[in-house]
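Chemist: Sending over coords_10.pdb (PDB, C-alpha atoms and all ligand atoms).
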```pdb
ATOM      1  CA  MET O   5       1.910  -7.103  -1.757
ATOM      2  CA  ILE O   6       1.736  -6.720  -5.544
ATOM      3  CA  LYS O   7       2.117  -3.095  -6.482
ATOM      4  CA  THR O   8      -0.180  -1.978  -9.292
ATOM      5  CA  LYS O   9       1.713   0.313 -11.646
ATOM      6  CA  ILE O  10       0.240   3.773 -12.027
ATOM      7  CA  VAL O  11       0.388   6.493 -14.686
ATOM      8  CA  ILE O  12      -0.670   9.934 -13.494
ATOM      9  CA  GLY O  13      -1.249  12.981 -15.684
ATOM     10  CA  ASN O  14      -0.594  16.315 -14.000
ATOM     11  CA  TRP O  15      -2.373  18.862 -16.173
ATOM     12  CA  LYS O  16      -0.999  21.758 -14.098
ATOM     13  CA  MET O  17      -2.865  25.018 -14.935
ATOM     14  CA  ASN O  18      -4.281  23.720 -18.240
ATOM     15  CA  PRO O  19      -6.410  23.797 -20.340
ATOM     16  CA  LEU O  20      -8.152  27.179 -20.425
ATOM     17  CA  THR O  21     -11.774  26.086 -20.884
ATOM     18  CA  PRO O  22     -14.043  23.331 -19.502
ATOM     19  CA  LYS O  23     -14.758  22.302 -23.067
ATOM     20  CA  GLU O  24     -11.100  21.608 -23.800
ATOM     21  CA  ALA O  25     -10.795  19.757 -20.488
ATOM     22  CA  GLU O  26     -13.721  17.502 -21.405
ATOM     23  CA  LYS O  27     -12.265  16.878 -24.853
ATOM     24  CA  LEU O  28      -8.895  15.859 -23.442
ATOM     25  CA  PHE O  29     -10.385  13.664 -20.726
ATOM     26  CA  SER O  30     -12.839  11.970 -23.116
ATOM     27  CA  GLY O  31     -10.035  11.417 -25.604
ATOM     28  CA  VAL O  32      -7.970   9.579 -23.017
ATOM     29  CA  ALA O  33     -11.014   7.698 -21.683
ATOM     30  CA  LYS O  34     -11.866   6.396 -25.134
ATOM     31  CA  LEU O  35      -8.347   5.107 -25.726
ATOM     32  CA  VAL O  36      -7.845   3.450 -22.338
ATOM     33  CA  SER O  37     -10.994   1.325 -22.303
ATOM     34  CA  LYS O  38      -8.922  -1.867 -22.606
ATOM     35  CA  ILE O  39      -6.380  -1.036 -19.903
ATOM     36  CA  LYS O  40      -6.593  -3.675 -17.161
ATOM     37  CA  LYS O  41      -3.287  -4.063 -15.352
ATOM     38  CA  ILE O  42      -2.411  -0.525 -14.377
ATOM     39  CA  GLU O  43      -4.159   2.449 -12.868
ATOM     40  CA  VAL O  44      -4.632   5.677 -14.809
ATOM     41  CA  VAL O  45      -5.108   8.989 -13.011
ATOM     42  CA  ALA O  46      -5.776  12.507 -14.272
ATOM     43  CA  CYS O  47      -5.099  15.533 -12.093
ATOM     44  CA  PRO O  48      -6.871  18.469 -13.762
ATOM     45  CA  PRO O  49      -7.428  21.903 -12.223
ATOM     46  CA  ALA O  50      -9.913  21.304  -9.372
ATOM     47  CA  LEU O  51     -12.754  23.263 -10.946
ATOM     48  CA  TYR O  52     -13.042  20.752 -13.821
ATOM     49  CA  ILE O  53     -13.214  17.647 -11.634
ATOM     50  CA  ASP O  54     -16.962  17.511 -11.092
ATOM     51  CA  LYS O  55     -17.677  17.530 -14.814
ATOM     52  CA  LEU O  56     -14.918  15.098 -15.722
ATOM     53  CA  LYS O  57     -15.867  12.459 -13.180
ATOM     54  CA  LYS O  58     -19.157  11.929 -15.043
ATOM     55  CA  ILE O  59     -17.373  11.111 -18.300
ATOM     56  CA  SER O  60     -15.493   7.949 -17.312
ATOM     57  CA  ARG O  61     -14.827   5.846 -14.235
ATOM     58  CA  LYS O  62     -11.872   4.180 -15.912
ATOM     59  CA  ILE O  63      -9.657   7.138 -15.078
ATOM     60  CA  SER O  64      -9.298   8.056 -11.404
ATOM     61  CA  LEU O  65      -9.222  11.711 -10.484
ATOM     62  CA  GLY O  66      -6.646  13.575  -8.493
ATOM     63  CA  ALA O  67      -6.237  17.160  -7.349
ATOM     64  CA  GLN O  68      -3.019  19.168  -7.597
ATOM     65  CA  ASN O  69      -3.056  20.597  -4.081
ATOM     66  CA  MET O  70      -5.226  20.948  -0.967
ATOM     67  CA  PHE O  71      -5.255  22.764   2.359
ATOM     68  CA  TRP O  72      -4.683  20.980   5.665
ATOM     69  CA  GLU O  73      -7.644  22.438   7.577
ATOM     70  CA  GLU O  74     -11.085  20.868   7.153
ATOM     71  CA  SER O  75     -13.114  24.079   6.664
ATOM     72  CA  GLY O  76     -13.302  27.669   7.867
ATOM     73  CA  ALA O  77     -11.909  31.109   7.180
ATOM     74  CA  TYR O  78      -9.169  30.205   4.680
ATOM     75  CA  THR O  79      -9.905  32.286   1.618
ATOM     76  CA  GLY O  80      -8.979  30.634  -1.625
ATOM     77  CA  GLU O  81      -8.230  27.210  -0.159
ATOM     78  CA  ILE O  82      -9.836  23.817  -0.851
ATOM     79  CA  SER O  83      -9.823  21.166   1.866
ATOM     80  CA  GLY O  84      -9.080  17.491   1.507
ATOM     81  CA  GLU O  85     -12.537  16.617   2.729
ATOM     82  CA  MET O  86     -14.094  18.767  -0.006
ATOM     83  CA  LEU O  87     -12.036  16.935  -2.611
ATOM     84  CA  TYR O  88     -12.913  13.568  -1.122
ATOM     85  CA  ASN O  89     -16.626  14.447  -1.124
ATOM     86  CA  LEU O  90     -16.306  15.377  -4.786
ATOM     87  CA  GLY O  91     -15.068  11.883  -5.639
ATOM     88  CA  VAL O  92     -11.362  12.665  -5.809
ATOM     89  CA  LYS O  93      -9.051   9.753  -4.939
ATOM     90  CA  TYR O  94      -5.542  11.224  -5.180
ATOM     91  CA  VAL O  95      -3.901  14.533  -4.374
ATOM     92  CA  ILE O  96      -0.516  15.778  -5.569
ATOM     93  CA  LEU O  97       1.328  17.368  -2.641
ATOM     94  CA  GLY O  98       4.653  19.168  -2.465
ATOM     95  CA  HIS O  99       5.054  19.584  -6.204
ATOM     96  CA  SER O 100       8.220  21.528  -7.031
ATOM     97  CA  GLU O 101       6.146  24.244  -8.700
ATOM     98  CA  ARG O 102       4.326  24.827  -5.395
ATOM     99  CA  ARG O 103       7.545  24.601  -3.410
ATOM    100  CA  ALA O 104       8.941  27.279  -5.747
ATOM    101  CA  LEU O 105       6.076  29.509  -4.572
ATOM    102  CA  GLY O 106       7.171  29.044  -0.984
ATOM    103  CA  GLU O 107       5.614  25.788   0.215
ATOM    104  CA  THR O 108       7.770  24.267   2.956
ATOM    105  CA  ASN O 109       8.392  20.676   4.057
ATOM    106  CA  LEU O 110       6.396  21.447   7.202
ATOM    107  CA  GLU O 111       3.382  22.557   5.172
ATOM    108  CA  VAL O 112       3.676  19.579   2.867
ATOM    109  CA  ASN O 113       3.697  17.328   5.935
ATOM    110  CA  LYS O 114       0.505  18.944   7.293
ATOM    111  CA  LYS O 115      -1.137  18.343   3.937
ATOM    112  CA  VAL O 116       0.038  14.717   3.697
ATOM    113  CA  ARG O 117      -1.362  14.006   7.171
ATOM    114  CA  ALA O 118      -4.638  15.766   6.443
ATOM    115  CA  ALA O 119      -5.018  13.929   3.119
ATOM    116  CA  LEU O 120      -4.549  10.521   4.765
ATOM    117  CA  GLY O 121      -6.964  11.584   7.490
ATOM    118  CA  VAL O 122      -9.813  12.032   5.015
ATOM    119  CA  GLY O 123      -8.995   8.998   2.872
ATOM    120  CA  LEU O 124      -7.174  10.672  -0.011
ATOM    121  CA  ILE O 125      -4.021   9.086  -1.403
ATOM    122  CA  PRO O 126      -1.163  11.590  -1.325
ATOM    123  CA  ILE O 127       1.185  11.742  -4.302
ATOM    124  CA  PHE O 128       4.073  13.144  -2.323
ATOM    125  CA  CYS O 129       6.497  14.904  -4.684
ATOM    126  CA  LEU O 130      10.150  15.443  -4.023
ATOM    127  CA  GLY O 131      13.214  16.217  -6.083
ATOM    128  CA  GLU O 132      16.423  18.191  -6.080
ATOM    129  CA  LYS O 133      16.904  21.419  -8.024
ATOM    130  CA  GLU O 134      20.363  20.395  -9.180
ATOM    131  CA  ARG O 135      22.978  17.715  -8.736
ATOM    132  CA  ASP O 136      26.366  18.585  -7.273
ATOM    133  CA  GLU O 137      29.596  16.587  -7.277
ATOM    134  CA  ASN O 138      29.639  16.311  -3.487
ATOM    135  CA  HIS O 139      26.253  14.606  -3.518
ATOM    136  CA  GLU O 140      24.712  17.256  -1.280
ATOM    137  CA  TYR O 141      21.502  16.676  -3.210
ATOM    138  CA  LEU O 142      21.098  13.359  -1.418
ATOM    139  CA  ASN O 143      20.887  15.187   1.921
ATOM    140  CA  PHE O 144      18.358  17.555   0.374
ATOM    141  CA  ILE O 145      16.166  14.617  -0.657
ATOM    142  CA  LYS O 146      16.593  12.934   2.725
ATOM    143  CA  LYS O 147      15.404  16.105   4.437
ATOM    144  CA  GLN O 148      12.386  16.394   2.148
ATOM    145  CA  ILE O 149      11.409  12.819   3.036
ATOM    146  CA  GLU O 150      12.053  13.056   6.757
ATOM    147  CA  GLU O 151      10.324  16.402   7.224
ATOM    148  CA  GLY O 152       7.526  15.610   4.801
ATOM    149  CA  LEU O 153       6.699  12.339   6.527
ATOM    150  CA  VAL O 154       6.813  13.401  10.188
ATOM    151  CA  SER O 155       4.181  11.521  12.239
ATOM    152  CA  ILE O 156       3.227   9.181   9.439
ATOM    153  CA  SER O 157       2.644   5.725  10.906
ATOM    154  CA  LYS O 158       4.072   2.441   9.667
ATOM    155  CA  ASP O 159       0.532   1.414   8.759
ATOM    156  CA  SER O 160      -0.171   4.421   6.571
ATOM    157  CA  ILE O 161       3.132   4.699   4.729
ATOM    158  CA  SER O 162       2.136   2.151   2.077
ATOM    159  CA  LYS O 163      -0.878   4.307   1.163
ATOM    160  CA  ILE O 164       1.395   7.126   0.034
ATOM    161  CA  ILE O 165       2.801   7.354  -3.487
ATOM    162  CA  ILE O 166       6.185   9.024  -3.711
ATOM    163  CA  ALA O 167       6.929  10.860  -6.926
ATOM    164  CA  TYR O 168      10.593  11.550  -7.595
ATOM    165  CA  GLU O 169      10.743  14.558  -9.897
ATOM    166  CA  PRO O 170      14.214  16.035 -10.412
ATOM    167  CA  VAL O 171      13.440  19.704 -10.947
ATOM    168  CA  TRP O 172      16.313  20.019 -13.458
ATOM    169  CA  ALA O 173      14.535  17.539 -15.759
ATOM    170  CA  ILE O 174      11.006  18.993 -15.667
ATOM    171  CA  SER O 175       9.908  20.426 -19.007
ATOM    172  CA  SER O 176       9.201  23.903 -17.628
ATOM    173  CA  THR O 177      12.712  24.304 -16.146
ATOM    174  CA  LEU O 178      14.924  26.701 -18.081
ATOM    175  CA  ASN O 179      17.957  24.925 -19.628
ATOM    176  CA  ARG O 180      16.567  21.594 -18.467
ATOM    177  CA  LYS O 181      18.552  18.400 -18.890
ATOM    178  CA  ASN O 182      17.358  14.871 -19.609
ATOM    179  CA  ALA O 183      17.319  12.517 -16.656
ATOM    180  CA  THR O 184      18.333   8.934 -17.426
ATOM    181  CA  PRO O 185      16.946   5.653 -16.089
ATOM    182  CA  ASP O 186      20.196   5.425 -14.094
ATOM    183  CA  ASP O 187      19.427   8.752 -12.406
ATOM    184  CA  SER O 188      15.979   7.453 -11.546
ATOM    185  CA  ARG O 189      17.177   4.063 -10.262
ATOM    186  CA  GLU O 190      19.901   5.589  -8.105
ATOM    187  CA  MET O 191      17.410   7.885  -6.423
ATOM    188  CA  ILE O 192      14.615   5.347  -6.077
ATOM    189  CA  VAL O 193      17.004   2.955  -4.312
ATOM    190  CA  PHE O 194      18.102   5.816  -2.049
ATOM    191  CA  ILE O 195      14.510   6.830  -1.259
ATOM    192  CA  ARG O 196      13.532   3.213  -0.548
ATOM    193  CA  LYS O 197      16.496   2.895   1.849
ATOM    194  CA  ILE O 198      15.433   5.972   3.817
ATOM    195  CA  LEU O 199      11.867   4.678   3.956
ATOM    196  CA  SER O 200      13.067   1.248   5.121
ATOM    197  CA  ASP O 201      15.135   2.797   7.908
ATOM    198  CA  LYS O 202      12.079   4.721   9.056
ATOM    199  CA  PHE O 203       9.191   2.340   8.372
ATOM    200  CA  GLY O 204      10.727  -1.136   8.206
ATOM    201  CA  LYS O 205       9.371  -3.674   5.764
ATOM    202  CA  ASN O 206       6.234  -1.631   5.056
ATOM    203  CA  ALA O 207       8.495   0.585   2.942
ATOM    204  CA  LEU O 208       8.619  -2.156   0.325
ATOM    205  CA  ASP O 209       4.933  -1.600  -0.429
ATOM    206  CA  VAL O 210       5.341   2.107  -1.214
ATOM    207  CA  ARG O 211       5.019   2.958  -4.880
ATOM    208  CA  ILE O 212       7.865   5.216  -5.938
ATOM    209  CA  ILE O 213       7.218   6.736  -9.349
ATOM    210  CA  TYR O 214       9.269   8.933 -11.681
ATOM    211  CA  GLY O 215       8.303  12.290 -13.195
ATOM    212  CA  GLY O 216      10.232  14.817 -15.295
ATOM    213  CA  SER O 217       9.637  15.177 -19.051
ATOM    214  CA  VAL O 218       8.411  11.593 -19.449
ATOM    215  CA  SER O 219       7.558  10.751 -23.061
ATOM    216  CA  SER O 220       6.771   7.579 -24.965
ATOM    217  CA  LYS O 221      10.461   7.445 -25.909
ATOM    218  CA  ASP O 222      11.805   7.058 -22.390
ATOM    219  CA  ALA O 223       8.812   5.694 -20.417
ATOM    220  CA  LEU O 224       9.950   2.081 -20.711
ATOM    221  CA  GLY O 225      13.473   2.945 -19.568
ATOM    222  CA  PHE O 226      12.211   4.647 -16.413
ATOM    223  CA  LEU O 227       9.897   1.719 -15.634
ATOM    224  CA  GLN O 228      12.452  -1.020 -16.296
ATOM    225  CA  GLU O 229      16.062   0.057 -15.675
ATOM    226  CA  GLY O 230      14.835   3.133 -13.820
ATOM    227  CA  GLY O 231      13.007   0.999 -11.238
ATOM    228  CA  ALA O 232       9.903   3.199 -11.169
ATOM    229  CA  ASP O 233       6.522   1.815 -10.064
ATOM    230  CA  GLY O 234       4.791   4.299 -12.337
ATOM    231  CA  LEU O 235       5.075   7.685 -14.010
ATOM    232  CA  LEU O 236       3.946  11.237 -13.294
ATOM    233  CA  VAL O 237       3.527  12.976 -16.631
ATOM    234  CA  GLY O 238       3.185  16.729 -17.123
ATOM    235  CA  LYS O 239       3.276  18.202 -20.622
ATOM    236  CA  ASN O 240       2.661  14.938 -22.430
ATOM    237  CA  SER O 241      -0.540  14.337 -20.458
ATOM    238  CA  LEU O 242      -2.106  17.317 -22.249
ATOM    239  CA  ASP O 243      -2.172  15.433 -25.532
ATOM    240  CA  ALA O 244      -4.507  12.425 -25.343
ATOM    241  CA  LYS O 245      -2.572  10.428 -27.925
ATOM    242  CA  LYS O 246       0.832  11.016 -26.342
ATOM    243  CA  PHE O 247      -0.501  10.279 -22.860
ATOM    244  CA  VAL O 248      -2.144   7.050 -23.983
ATOM    245  CA  GLU O 249       1.091   5.946 -25.699
ATOM    246  CA  ILE O 250       2.797   6.223 -22.312
ATOM    247  CA  ILE O 251      -0.097   4.388 -20.603
ATOM    248  CA  ASN O 252       0.101   1.560 -23.155
ATOM    249  CA  ILE O 253       3.833   1.164 -22.586
ATOM    250  CA  CYS O 254       3.224   0.829 -18.852
ATOM    251  CA  GLU O 255       0.359  -1.628 -19.366
ATOM    252  CA  ALA O 256       2.512  -3.802 -21.645
TER     253      ALA O 256
HETATM  254  P1  LIG L   1       6.793  17.494 -17.410
HETATM  255  O1  LIG L   1       6.421  16.066 -17.764
HETATM  256  O2  LIG L   1       6.102  18.502 -18.249
HETATM  257  O3  LIG L   1       8.254  17.658 -17.307
HETATM  258  O4  LIG L   1       6.232  17.735 -15.933
HETATM  259  C1  LIG L   1       6.625  16.904 -14.916
HETATM  260  C2  LIG L   1       5.830  17.255 -13.724
HETATM  261  O5  LIG L   1       6.100  18.267 -13.102
HETATM  262  C3  LIG L   1       4.696  16.399 -13.389
HETATM  263  O6  LIG L   1       4.215  16.663 -12.118
END
```
For this file, produce the structure as structure tokens.

Modeler:
Amino acid sequence: MIKTKIVIGNWKMNPLTPKEAEKLFSGVAKLVSKIKKIEVVACPPALYIDKLKKISRKISLGAQNMFWEESGAYTGEISGEMLYNLGVKYVILGHSERRALGETNLEVNKKVRAALGVGLIPIFCLGEKERDENHEYLNFIKKQIEEGLVSISKDSISKIIIAYEPVWAISSTLNRKNATPDDSREMIVFIRKILSDKFGKNALDVRIIYGGSVSSKDALGFLQEGGADGLLVGKNSLDAKKFVEIINICEA
């Protein structure tokens, strides 16, 4: 199976007004009209999605979270089915910023299963907070994968996108450090090995992407030496020009 490369913008809790959201989305849409080989996704705050989907079909839409139940008395939550009915294709799950608020592997797993159940493509995020000399962080990652993917079948694993985001490299982390393509490649090989042990050859079809302060300066490195099948971009997806520079690098 040929894996289409993917560039995903995670807008996080930005921007503040629908007008700014439309401006950003339209700006990207205008500049990506010639993109053919890769897939471009924007994950804005959920309340902007309905408006944005009318602007361009060139950019797929993703949500940043969802709840595992279909409907009912769950104040403040949005279900996968609601997102799907809105025209959403992807959903970021298990982002480190949600895990920092208390989300557990078990909850992430319920969300991954519910997302697949309604036809959404999960962007399953994982990443260690820090690296230690004894390589304990590898066990941490292994646990995130194993617990996050409980009861996922061999047939559905290839539908999931795995986003490796080392928390220590994310732009919002205090005293952050730059991750290198070597860091990315080492971990992507490790993740692929765990997936292969669990899901056999279907693991080869899983797109494993890199996220953590990606810019136009290092995008190529993460895609080539870093072995990533795509990129999950935070801060630099909030500037149409910067985001499109990264998209163009991936397309080329
Ligand atoms: P930054 O690109 O701002 O580091 O964010 C990465 C991220 O968390 C994307 O989900």

Chemist: Please identify every polymer residue within 7 Å of ligand LIG 1 (chain L), using only C-alpha atoms and all ligand atoms, and present the set as a VMD selection string.

Modeler: chain O and resid 14 99 169 173 to 176 215 to 218 236 to 240

Chemist: Tell me which residues the PyMOL selection byres (((chain O and resi 208) around 12) and not hetatm) grabs here, as a list in words.

Modeler: Met5, Ile6, Lys7, Lys158, Ile161, Ser162, Lys163, Ile164, Ile165, Ile192, Val193, Ile195, Arg196, Lys197, Ile198, Leu199, Ser200, Asp201, Lys202, Phe203, Gly204, Lys205, Asn206, Ala207, Asp209, Val210, Arg211, Ile212 and Asp233 of chain O

Chemist: Find the residues around O:Pro19 up to 12 Å (all atoms listed in the file counted), leave out those fewer than 5 positions away in its own chain, and share them as a PyMOL selection string.

Modeler: chain O and resi 14+24-29+47-52+239+241-243

Chemist: Show me, as a list in words, the residues that have an atom within 9 Å of stretch 72-83 of chain O when counting only C-alpha atoms, minus same-chain residues fewer than 3 positions from it.

Modeler: Ala50, Asn69, Met86, Leu87, Tyr88, Glu111, Val112, Lys114, Lys115, Val116, Arg117, Ala118 and Ala119 of chain O

Chemist: Rounded to one decimal place, report the atom CA of O:Leu97-atom CA of O:Glu151 distance in Å.

Modeler: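 Between atom CA of O:Leu97 and atom CA of O:Glu151 the gap is 13.4 Å.
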
Chemist: For each of O:Lys245, O:Lys23, O:Arg135, O:Arg61, take the minimum atom-to-atom distance to O:Lys181, counting only C-alpha atoms, then give the residue where this is smallest.

Modeler: O:Arg135

Chemist: As lines of an AutoDock Vina configuration file, please: the centre and edge lengths in Å, to one decimal, of an axis-aligned box enclosing every listed atom of stretch 130-142 of chain O with 3 Å added on each side.

Modeler:
```
center_x = 19.9
center_y = 17.4
center_z = -5.2
size_x = 25.5
size_y = 14.1
size_z = 13.9
```

Chemist: Do you know which residues lie at most 9 Å from (7.1, 22.8, -0.5), with coordinates as in the file and all atoms listed in the file counted, and could you write them as a list of chain:residue names?

Modeler: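 Checking each residue against the 9 Å limit leaves O:Leu97, O:Gly98, O:His99, O:Ser100, O:Glu101, O:Arg102, O:Arg103, O:Ala104, O:Leu105, O:Gly106, O:Glu107, O:Thr108, O:Asn109, O:Leu110, O:Glu111, O:Val112, O:Cys129, O:Leu130, O:Gln148, O:Gly152.
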
Chemist: Those residues with C-alpha atoms, as an mmCIF file, in the coordinates of the input please?

Modeler:
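Output contents, as saved in result_4.cif:
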```
data_model
loop_
_atom_site.group_PDB
_atom_site.id
_atom_site.type_symbol
_atom_site.label_atom_id
_atom_site.label_comp_id
_atom_site.auth_asym_id
_atom_site.auth_seq_id
_atom_site.Cartn_x
_atom_site.Cartn_y
_atom_site.Cartn_z
ATOM 1 C CA LEU O 97 1.328 17.368 -2.641
ATOM 2 C CA GLY O 98 4.653 19.168 -2.465
ATOM 3 C CA HIS O 99 5.054 19.584 -6.204
ATOM 4 C CA SER O 100 8.220 21.528 -7.031
ATOM 5 C CA GLU O 101 6.146 24.244 -8.700
ATOM 6 C CA ARG O 102 4.326 24.827 -5.395
ATOM 7 C CA ARG O 103 7.545 24.601 -3.410
ATOM 8 C CA ALA O 104 8.941 27.279 -5.747
ATOM 9 C CA LEU O 105 6.076 29.509 -4.572
ATOM 10 C CA GLY O 106 7.171 29.044 -0.984
ATOM 11 C CA GLU O 107 5.614 25.788 0.215
ATOM 12 C CA THR O 108 7.770 24.267 2.956
ATOM 13 C CA ASN O 109 8.392 20.676 4.057
ATOM 14 C CA LEU O 110 6.396 21.447 7.202
ATOM 15 C CA GLU O 111 3.382 22.557 5.172
ATOM 16 C CA VAL O 112 3.676 19.579 2.867
ATOM 17 C CA CYS O 129 6.497 14.904 -4.684
ATOM 18 C CA LEU O 130 10.150 15.443 -4.023
ATOM 19 C CA GLN O 148 12.386 16.394 2.148
ATOM 20 C CA GLY O 152 7.526 15.610 4.801
#
```

Chemist: Please compute the atom CA of O:Leu124-atom CA of O:Cys254 distance, one decimal, in Å.

Modeler: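 Atom CA of O:Cys254 lies at a distance of 23.7 Å from atom CA of O:Leu124.
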
Chemist: Smallest atom-to-atom distance to O:Leu178: which of O:Lys133, O:Lys57, O:Phe144, O:Ile250, using all atoms listed in the file?

Modeler: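 Ranking O:Lys133, O:Lys57, O:Phe144, O:Ile250 by distance to O:Leu178, first place goes to O:Lys133.
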
Chemist: Could you work out how far atom CA of O:Pro170 lies from atom CA of O:Phe128, giving the answer in Å with one decimal?

Modeler: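 Atom CA of O:Phe128 sits 13.3 Å away from atom CA of O:Pro170.
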
Chemist: Can you pull out every residue within 9 Å of O:Ser60, counting all atoms listed in the file, but drop anything in the same chain fewer than 2 positions away, and send it as a list in words?

Modeler: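 In the requested format, the answer is Phe29, Ser30, Ala33, Lys34, Leu56, Lys57, Lys58, Lys62, Ile63 and Ser64 of chain O.
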
Chemist: So, with only C-alpha atoms as the atoms that count, which of O:Lys147, O:Ala244, O:Ile166, O:Asp187 lies closest to O:Trp15?

Modeler: O:Ala244
